[in-house]
Amino acid sequence: VSQLLKSKMPVHCLYVESGKDKLYGKMIQHARANHIPVKIVNQLSKVFPGSRHQGIGAEFEYQWAKLSDLEVRSNSRFLMLDRVQDPHNFGACLRSAAAFGVDAVIIPTRGHAPMNEIVHQTSCGGSLIVPIVSVNNLSQAMTEMKDRGVWFIATSEHAESTLGEDLQNRALCLLMGSEGEGVKQKLFDACDYQVKIHTSGTLATLNVSVATAILLHTLQV
């Protein structure tokens, strides 16, 4: 909620549970100064049933970014997610994307975890820091980004190379796949590089959000 109030997202209402108004006094003051309605309620769980909270919540309109508006620089870093199903994994990926300075995240409109309160909570505000683009066709989006000078990297346990310094001075997009199926073969084949993460060998695979964090840290400019 704190990050939301700093963002440009249209906030319809800020809800604070009674007894927490002093704790969140600065946020309440900020909201009122920006003409955002503030409601003090007895039980926040009745406003947001089934959601975990810390005595504060908000209703807002999420604003998607547009692919055409993304600025591509020589050191740009992007993340493309191919049908990540679990909102917790999605949120964790967005948290890492924000932590490591990713310029934008691209996801498919269909077959992907929805943008909901679980994603916002798990991302710890990362979903409101990093622009997110929702596209109908990832393959087409990849082609458009390649035409603008972006190089794509996919992961595979069968790849022979790891991320190296030779990739640092170019615009890069990390492509990560779904929890069960991974990256679609068509997208994987279209990538410029295939890399792997070295593990001890005892357990070769990693959770998609953990793998994403490791690779984004390596790609950090």
# chains A, B, ... in the order shown; residues from 1 in each chain; ligands from 1
>>> residues_around(residues="range 136-138 of chain A", least_positions_apart="2", cutoff="8 Å", atoms="only C-alpha atoms", output="VMD selection string")
chain A and resid 82 107 to 110 134 140 to 142 187
>>> select_by_dssp(residues="range 51-213 of chain A", states="strand (DSSP E or B)", output="PyMOL selection string")
chain A and resi 56-60+65+77-82+104-108+132-135+151-155+161+172-178+182+193-195
>>> residues_around(residues="Arg95 in chain A", least_positions_apart="6", cutoff="7 Å", atoms="only C-alpha atoms", output="list in words")
Ser123, Cys124 and Gly126 of chain A
>>> residues_around(residues="Gly50 in chain A", least_positions_apart="4", cutoff="12 Å", atoms="only C-alpha atoms", output="list in words")
Leu44, Ser45, Lys46, Glu117 and Ile118 of chain A
>>> write_last_selection(atoms="C-alpha atoms", output="JSON list (two decimals), in the first residue's frame")
[["chain", "number", "residue", "atom", "x", "y", "z"],
["A", 44, "LEU", "CA", -10.89, -4.91, 7.24],
["A", 45, "SER", "CA", -11.47, -8.61, 6.54],
["A", 46, "LYS", "CA", -15.07, -7.79, 5.65],
["A", 117, "GLU", "CA", -3.83, -9.19, -4.38],
["A", 118, "ILE", "CA", -1.64, -12.28, -3.86]]
>>> select_by_dssp(residues="chain A", states="helix (DSSP H, G or I)", output="ChimeraX atom specification")
/A:2-6,25-33,44-47,67-69,87-99,117-122,126-128,138-147,165-167,185-190,208-219
>>> write_last_selection(atoms="C-alpha atoms", output="mmCIF file, in the first residue's frame")
data_model
loop_
_atom_site.group_PDB
_atom_site.id
_atom_site.type_symbol
_atom_site.label_atom_id
_atom_site.label_comp_id
_atom_site.auth_asym_id
_atom_site.auth_seq_id
_atom_site.Cartn_x
_atom_site.Cartn_y
_atom_site.Cartn_z
ATOM 1 C CA SER A 2 2.884 2.328 0.763
ATOM 2 C CA GLN A 3 4.336 1.698 -2.689
ATOM 3 C CA LEU A 4 0.908 2.096 -4.263
ATOM 4 C CA LEU A 5 0.565 5.595 -2.847
ATOM 5 C CA LYS A 6 3.959 6.472 -4.368
ATOM 6 C CA GLY A 25 -1.000 8.215 10.020
ATOM 7 C CA LYS A 26 1.502 9.340 7.353
ATOM 8 C CA MET A 27 -0.167 7.245 4.659
ATOM 9 C CA ILE A 28 -3.585 8.547 5.644
ATOM 10 C CA GLN A 29 -2.282 12.103 5.516
ATOM 11 C CA HIS A 30 -0.680 11.480 2.114
ATOM 12 C CA ALA A 31 -3.894 9.977 0.747
ATOM 13 C CA ARG A 32 -6.075 12.855 1.901
ATOM 14 C CA ALA A 33 -3.587 15.386 0.546
ATOM 15 C CA LEU A 44 -10.887 -4.909 7.235
ATOM 16 C CA SER A 45 -11.469 -8.610 6.537
ATOM 17 C CA LYS A 46 -15.068 -7.791 5.652
ATOM 18 C CA VAL A 47 -13.864 -5.328 3.001
ATOM 19 C CA LEU A 67 5.291 -2.654 -25.405
ATOM 20 C CA SER A 68 5.662 0.252 -27.812
ATOM 21 C CA ASP A 69 6.419 2.621 -24.928
ATOM 22 C CA PRO A 87 0.556 -16.068 -8.313
ATOM 23 C CA HIS A 88 3.111 -16.519 -5.510
ATOM 24 C CA ASN A 89 5.793 -17.343 -8.069
ATOM 25 C CA PHE A 90 4.652 -14.445 -10.250
ATOM 26 C CA GLY A 91 4.825 -12.069 -7.306
ATOM 27 C CA ALA A 92 8.253 -13.363 -6.273
ATOM 28 C CA CYS A 93 9.539 -12.827 -9.829
ATOM 29 C CA LEU A 94 8.256 -9.255 -9.765
ATOM 30 C CA ARG A 95 9.908 -8.652 -6.400
ATOM 31 C CA SER A 96 13.245 -9.801 -7.847
ATOM 32 C CA ALA A 97 12.660 -7.755 -10.994
ATOM 33 C CA ALA A 98 12.253 -4.622 -8.884
ATOM 34 C CA ALA A 99 15.220 -5.482 -6.661
ATOM 35 C CA GLU A 117 -3.832 -9.191 -4.378
ATOM 36 C CA ILE A 118 -1.636 -12.285 -3.862
ATOM 37 C CA VAL A 119 0.741 -11.075 -6.567
ATOM 38 C CA HIS A 120 0.871 -7.547 -5.115
ATOM 39 C CA GLN A 121 1.484 -8.842 -1.584
ATOM 40 C CA THR A 122 4.103 -11.405 -2.577
ATOM 41 C CA GLY A 126 7.481 -4.794 -6.904
ATOM 42 C CA SER A 127 4.368 -5.120 -9.065
ATOM 43 C CA LEU A 128 3.914 -1.355 -8.713
ATOM 44 C CA LEU A 138 4.807 -13.587 -26.780
ATOM 45 C CA SER A 139 6.420 -14.687 -30.037
ATOM 46 C CA GLN A 140 5.334 -11.493 -31.764
ATOM 47 C CA ALA A 141 6.461 -9.412 -28.790
ATOM 48 C CA MET A 142 9.850 -11.135 -28.936
ATOM 49 C CA THR A 143 10.179 -10.292 -32.634
ATOM 50 C CA GLU A 144 9.313 -6.638 -31.988
ATOM 51 C CA MET A 145 11.853 -6.409 -29.167
ATOM 52 C CA LYS A 146 14.543 -8.108 -31.251
ATOM 53 C CA ASP A 147 13.950 -5.580 -34.010
ATOM 54 C CA GLU A 165 30.445 -10.777 -18.893
ATOM 55 C CA ASP A 166 30.324 -10.770 -22.702
ATOM 56 C CA LEU A 167 26.569 -10.199 -22.447
ATOM 57 C CA GLN A 185 9.849 -24.717 -27.723
ATOM 58 C CA LYS A 186 9.122 -22.071 -30.348
ATOM 59 C CA LEU A 187 10.179 -19.294 -27.983
ATOM 60 C CA PHE A 188 13.171 -21.257 -26.727
ATOM 61 C CA ASP A 189 14.461 -21.843 -30.262
ATOM 62 C CA ALA A 190 14.109 -18.139 -31.065
ATOM 63 C CA VAL A 208 11.110 -20.575 -11.348
ATOM 64 C CA SER A 209 11.146 -17.574 -9.021
ATOM 65 C CA VAL A 210 14.432 -18.668 -7.399
ATOM 66 C CA ALA A 211 16.058 -19.271 -10.796
ATOM 67 C CA THR A 212 14.786 -15.889 -11.978
ATOM 68 C CA ALA A 213 16.330 -14.124 -8.991
ATOM 69 C CA ILE A 214 19.708 -15.812 -9.507
ATOM 70 C CA LEU A 215 19.868 -14.923 -13.196
ATOM 71 C CA LEU A 216 18.618 -11.350 -12.751
ATOM 72 C CA HIS A 217 21.308 -10.797 -10.142
ATOM 73 C CA THR A 218 23.897 -12.004 -12.653
ATOM 74 C CA LEU A 219 22.484 -9.703 -15.337
#
>>> residues_around(residues="Ser178 in chain A", least_positions_apart="6", cutoff="9 Å", atoms="only C-alpha atoms", output="PDB file with all heavy atoms, in the first residue's frame")
ATOM      1  N   LEU A  81       7.977 -13.649 -18.969  1.00  0.00           N
ATOM      2  CA  LEU A  81       7.501 -14.839 -18.276  1.00  0.00           C
ATOM      3  C   LEU A  81       6.494 -15.567 -19.159  1.00  0.00           C
ATOM      4  O   LEU A  81       5.499 -14.982 -19.580  1.00  0.00           O
ATOM      5  CB  LEU A  81       6.846 -14.464 -16.940  1.00  0.00           C
ATOM      6  CG  LEU A  81       7.757 -13.741 -15.928  1.00  0.00           C
ATOM      7  CD1 LEU A  81       6.949 -13.334 -14.700  1.00  0.00           C
ATOM      8  CD2 LEU A  81       8.942 -14.622 -15.529  1.00  0.00           C
ATOM      9  N   ASP A  82       6.765 -16.835 -19.435  1.00  0.00           N
ATOM     10  CA  ASP A  82       5.914 -17.638 -20.311  1.00  0.00           C
ATOM     11  C   ASP A  82       5.004 -18.532 -19.486  1.00  0.00           C
ATOM     12  O   ASP A  82       5.390 -19.617 -19.065  1.00  0.00           O
ATOM     13  CB  ASP A  82       6.795 -18.482 -21.248  1.00  0.00           C
ATOM     14  CG  ASP A  82       5.973 -19.364 -22.188  1.00  0.00           C
ATOM     15  OD1 ASP A  82       4.777 -19.085 -22.367  1.00  0.00           O
ATOM     16  OD2 ASP A  82       6.544 -20.319 -22.740  1.00  0.00           O
ATOM     17  N   ARG A  83       3.807 -18.031 -19.184  1.00  0.00           N
ATOM     18  CA  ARG A  83       2.746 -18.808 -18.537  1.00  0.00           C
ATOM     19  C   ARG A  83       3.104 -19.294 -17.125  1.00  0.00           C
ATOM     20  O   ARG A  83       2.879 -20.453 -16.781  1.00  0.00           O
ATOM     21  CB  ARG A  83       2.357 -20.005 -19.405  1.00  0.00           C
ATOM     22  CG  ARG A  83       1.810 -19.633 -20.791  1.00  0.00           C
ATOM     23  CD  ARG A  83       1.827 -20.809 -21.737  1.00  0.00           C
ATOM     24  NE  ARG A  83       3.190 -21.287 -21.924  1.00  0.00           N
ATOM     25  CZ  ARG A  83       3.541 -22.570 -21.837  1.00  0.00           C
ATOM     26  NH1 ARG A  83       2.647 -23.498 -21.591  1.00  0.00           N
ATOM     27  NH2 ARG A  83       4.806 -22.916 -22.026  1.00  0.00           N
ATOM     28  N   VAL A  84       3.635 -18.417 -16.297  1.00  0.00           N
ATOM     29  CA  VAL A  84       3.845 -18.745 -14.889  1.00  0.00           C
ATOM     30  C   VAL A  84       2.478 -18.822 -14.224  1.00  0.00           C
ATOM     31  O   VAL A  84       1.719 -17.852 -14.241  1.00  0.00           O
ATOM     32  CB  VAL A  84       4.745 -17.690 -14.204  1.00  0.00           C
ATOM     33  CG1 VAL A  84       4.779 -17.907 -12.702  1.00  0.00           C
ATOM     34  CG2 VAL A  84       6.147 -17.742 -14.786  1.00  0.00           C
ATOM     35  N   GLN A  85       2.157 -19.970 -13.647  1.00  0.00           N
ATOM     36  CA  GLN A  85       0.793 -20.232 -13.186  1.00  0.00           C
ATOM     37  C   GLN A  85       0.513 -19.766 -11.750  1.00  0.00           C
ATOM     38  O   GLN A  85      -0.579 -19.312 -11.447  1.00  0.00           O
ATOM     39  CB  GLN A  85       0.502 -21.743 -13.278  1.00  0.00           C
ATOM     40  CG  GLN A  85       0.704 -22.334 -14.670  1.00  0.00           C
ATOM     41  CD  GLN A  85      -0.364 -21.894 -15.647  1.00  0.00           C
ATOM     42  OE1 GLN A  85      -1.544 -21.958 -15.344  1.00  0.00           O
ATOM     43  NE2 GLN A  85       0.052 -21.452 -16.819  1.00  0.00           N
ATOM     44  N   ASP A  86       1.472 -19.916 -10.880  1.00  0.00           N
ATOM     45  CA  ASP A  86       1.277 -19.650  -9.458  1.00  0.00           C
ATOM     46  C   ASP A  86       1.444 -18.155  -9.174  1.00  0.00           C
ATOM     47  O   ASP A  86       2.514 -17.595  -9.439  1.00  0.00           O
ATOM     48  CB  ASP A  86       2.296 -20.457  -8.653  1.00  0.00           C
ATOM     49  CG  ASP A  86       2.047 -20.402  -7.153  1.00  0.00           C
ATOM     50  OD1 ASP A  86       1.437 -19.423  -6.677  1.00  0.00           O
ATOM     51  OD2 ASP A  86       2.473 -21.336  -6.443  1.00  0.00           O
ATOM     52  N   HIS A 112      -1.697 -17.228 -17.936  1.00  0.00           N
ATOM     53  CA  HIS A 112      -0.739 -16.741 -16.942  1.00  0.00           C
ATOM     54  C   HIS A 112      -1.462 -16.432 -15.647  1.00  0.00           C
ATOM     55  O   HIS A 112      -2.674 -16.205 -15.639  1.00  0.00           O
ATOM     56  CB  HIS A 112      -0.038 -15.486 -17.478  1.00  0.00           C
ATOM     57  CG  HIS A 112       1.225 -15.135 -16.762  1.00  0.00           C
ATOM     58  ND1 HIS A 112       1.229 -14.424 -15.585  1.00  0.00           N
ATOM     59  CD2 HIS A 112       2.518 -15.401 -17.056  1.00  0.00           C
ATOM     60  CE1 HIS A 112       2.490 -14.261 -15.195  1.00  0.00           C
ATOM     61  NE2 HIS A 112       3.284 -14.842 -16.068  1.00  0.00           N
ATOM     62  N   LYS A 184       7.982 -22.475 -23.958  1.00  0.00           N
ATOM     63  CA  LYS A 184       7.529 -23.110 -25.196  1.00  0.00           C
ATOM     64  C   LYS A 184       8.706 -23.269 -26.149  1.00  0.00           C
ATOM     65  O   LYS A 184       9.553 -22.388 -26.261  1.00  0.00           O
ATOM     66  CB  LYS A 184       6.440 -22.257 -25.866  1.00  0.00           C
ATOM     67  CG  LYS A 184       5.080 -22.322 -25.195  1.00  0.00           C
ATOM     68  CD  LYS A 184       4.075 -21.480 -25.971  1.00  0.00           C
ATOM     69  CE  LYS A 184       2.696 -21.529 -25.316  1.00  0.00           C
ATOM     70  NZ  LYS A 184       1.720 -20.679 -26.050  1.00  0.00           N
ATOM     71  N   VAL A 208      10.972 -21.611 -10.322  1.00  0.00           N
ATOM     72  CA  VAL A 208      11.110 -20.575 -11.348  1.00  0.00           C
ATOM     73  C   VAL A 208      11.443 -19.212 -10.752  1.00  0.00           C
ATOM     74  O   VAL A 208      12.253 -18.455 -11.311  1.00  0.00           O
ATOM     75  CB  VAL A 208       9.844 -20.495 -12.229  1.00  0.00           C
ATOM     76  CG1 VAL A 208       8.608 -20.128 -11.409  1.00  0.00           C
ATOM     77  CG2 VAL A 208      10.028 -19.500 -13.361  1.00  0.00           C
TER      78      VAL A 208
END
>>> residues_around(residues="Pro37 in chain A", least_positions_apart="5", cutoff="7 Å", atoms="only C-alpha atoms", output="PyMOL selection string")
chain A and resi 12-14+32
>>> write_last_selection(atoms="N, CA, C and O atoms", output="short mmCIF file (atom, residue, chain, number, x, y, z; two decimals), in the first residue's frame")
data_model
loop_
_atom_site.label_atom_id
_atom_site.label_comp_id
_atom_site.auth_asym_id
_atom_site.auth_seq_id
_atom_site.Cartn_x
_atom_site.Cartn_y
_atom_site.Cartn_z
N HIS A 12 -8.70 4.33 -5.70
CA HIS A 12 -10.10 4.70 -5.48
C HIS A 12 -10.42 4.93 -4.01
O HIS A 12 -11.22 5.81 -3.68
N CYS A 13 -9.78 4.13 -3.14
CA CYS A 13 -10.08 4.30 -1.71
C CYS A 13 -9.01 3.61 -0.87
O CYS A 13 -8.50 2.55 -1.25
N LEU A 14 -8.66 4.24 0.24
CA LEU A 14 -7.74 3.66 1.21
C LEU A 14 -8.55 3.23 2.42
O LEU A 14 -9.34 4.02 2.96
N ARG A 32 -5.13 11.73 1.84
CA ARG A 32 -6.07 12.86 1.90
C ARG A 32 -5.52 14.07 1.17
O ARG A 32 -6.27 14.82 0.53
#
>>> closest_residue(among="A:Ala58, A:Val38, A:Val183, A:Val130", to="Val105 in chain A", atoms="only C-alpha atoms")
A:Val130
>>> atom_distance(atom1="CA of Phe60 in chain A", atom2="CA of Gly125 in chain A")
13.5 Å
